[in-house]
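Reviewing the structure listed below.
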Amino acid sequence: MTQINEHLFDSCFSLKSIQIPENVNYIDQKSFYDCVNFQSIQVPKNVHYIGNYAFYGCQSLKVIAIPEKVSKIEYRTFCRCSNLTSLHLHENITKIMYGAFSYCSSLQNITIPSKVSLLEENIFYYCTSL
């Protein structure tokens with residue numbers, strides 16, 4: 001297995017954590033969509049792509065480390081992760097797409113890398129703790 005397919009864990013309400021194999025390098029769109037009790041994930045360092053809405057609605061997710069091979073935060077990837085409190089984006093991130101962190105109401109701290117060349121609209125919409 002080298003990728004987490006689209007909708008693989010979509011709406012798995014009992015899923016709280018997962019250990020993804022180290023050889024996975026691709027997390028498709030909506031892979032963990034609306035996993036409201038999902039609390040933790042260790043994203044393997046070989047992952048180079050995390051798709052649109054991949055963690056949308058993961059309301060219990062508090063922390064996530066984005067691997068250094070990922071260069072773009074896709075459309076609404078972390079939207080509605082309402083318990084996400086802090087996020088450090090590594091220096092290889094160059095683009096942050098529309099609504100990537102919108103409705104992350106507990107997000108208090110984020111570091112935007114100097115190499116970011118594109119910040120689309122509504123990235124931090126309704127991030128009321130920023």
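Here, A, B, ... name the chains of the structure tokens in the order displayed, residue numbers run from 1 inside each chain, and ligands are numbered from 1 in the same displayed order.
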Could you make a table, as a Markdown table, of the residues of stretch 25-85 of chain A that have an atom within 12 Å of an atom of stretch 118-127 of chain A, each with its nearest atom pair and distance in Å to one decimal, counting only C-alpha atoms, in chain and number order?
| residue | atom | partner | partner_atom | distance |
| --- | --- | --- | --- | --- |
| A:Ser71 | CA | A:Leu118 | CA | 11.4 |
| A:Lys72 | CA | A:Leu118 | CA | 9.4 |
| A:Ile73 | CA | A:Leu119 | CA | 9.9 |
| A:Glu74 | CA | A:Glu120 | CA | 10.2 |
| A:Tyr75 | CA | A:Ile123 | CA | 8.9 |
| A:Arg76 | CA | A:Ile123 | CA | 8.1 |
| A:Thr77 | CA | A:Ile123 | CA | 10.3 |
| A:Phe78 | CA | A:Ile123 | CA | 9.9 |
| A:Cys79 | CA | A:Ile123 | CA | 8.9 |
| A:Arg80 | CA | A:Tyr126 | CA | 9.4 |
| A:Cys81 | CA | A:Cys127 | CA | 10.2 |
| A:Ser82 | CA | A:Cys127 | CA | 8.7 |
| A:Asn83 | CA | A:Cys127 | CA | 10.8 |
| A:Leu84 | CA | A:Cys127 | CA | 10.2 |
| A:Thr85 | CA | A:Cys127 | CA | 10.2 |
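Residues in contact with A:Ile20 at 12 Å, where only C-alpha atoms are counted and same-chain residues fewer than 4 positions away are skipped, are listed as Met1, Thr2, Gln3, Ile4, Val24, Asn25, Tyr26, Ile27, Ser40, Ile41, Gln42, Val43, Pro44, Lys45, Asn46 and Val47 of chain A.
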Handout entry: Test item: residues at most 10 Å from A:Ser129, only C-alpha atoms, excluding those fewer than 6 positions along its chain, as a list in words
Key = Thr85, Cys104, Ser105, Ser106, Leu107, Gln108 and Asn109 of chain A
Quick one: write out the picked residues with N, CA, C and O atoms as a short mmCIF file (atom, residue, chain, number, x, y, z; two decimals), in the first residue's frame?
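Result went into again-v2.cif, see below:
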data_model
loop_
_atom_site.label_atom_id
_atom_site.label_comp_id
_atom_site.auth_asym_id
_atom_site.auth_seq_id
_atom_site.Cartn_x
_atom_site.Cartn_y
_atom_site.Cartn_z
N THR A 85 -5.06 23.28 17.52
CA THR A 85 -4.64 24.46 18.28
C THR A 85 -3.38 25.13 17.74
O THR A 85 -3.24 26.35 17.84
N CYS A 104 -11.18 26.55 11.79
CA CYS A 104 -10.33 25.95 12.83
C CYS A 104 -10.37 26.90 14.02
O CYS A 104 -9.43 27.67 14.26
N SER A 105 -11.46 26.88 14.73
CA SER A 105 -11.76 27.90 15.74
C SER A 105 -10.84 27.86 16.95
O SER A 105 -10.78 28.84 17.71
N SER A 106 -10.09 26.80 17.17
CA SER A 106 -9.15 26.73 18.30
C SER A 106 -7.72 27.05 17.89
O SER A 106 -6.83 27.09 18.74
N LEU A 107 -7.49 27.26 16.61
CA LEU A 107 -6.14 27.53 16.12
C LEU A 107 -5.64 28.85 16.69
O LEU A 107 -6.23 29.89 16.45
N GLN A 108 -4.56 28.76 17.47
CA GLN A 108 -4.02 29.94 18.15
C GLN A 108 -2.68 30.38 17.60
O GLN A 108 -2.26 31.51 17.82
N ASN A 109 -2.01 29.48 16.90
CA ASN A 109 -0.66 29.78 16.47
C ASN A 109 -0.37 29.08 15.16
O ASN A 109 -0.64 27.90 15.03
#
Completion exercise
Shortest contact to A:Phe32, candidates A:Thr128, A:Ser11, A:Ser114, A:Ser17, atoms counted only C-alpha atoms, goes to A:Ser11
Practice task
Give me the residues within 9 Å of A:Tyr33 as a list of chain:residue names, counting only C-alpha atoms and dropping any in the same chain fewer than 3 places off.
Solution key: A:His7, A:Leu8, A:Phe9, A:Asp10, A:Ser11, A:Cys12, A:Gln29, A:Lys30, A:Val36, A:Tyr53, A:Ala54, A:Phe55, A:Tyr56, A:Gly57, A:Cys58
Problem - Residue nearest A:Tyr98 among A:Ile110, A:Val70, A:Ser60, A:Asn52 (counting only C-alpha atoms) - result: A:Asn52
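Residue-level DSSP output for stretch 54-127 of chain A, from the backbone, shows strand (DSSP E) at Lys72, Ile73, Ser86, Leu87, His88, Lys95, Ile96, Asn109, Ile110, Thr111, Leu118 and Leu119 of chain A.
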Problem - Who sits within 10 Å of A:Thr111, only C-alpha atoms, same chain under 5 positions skipped, as a PyMOL selection string - result: chain A and resi 86-91
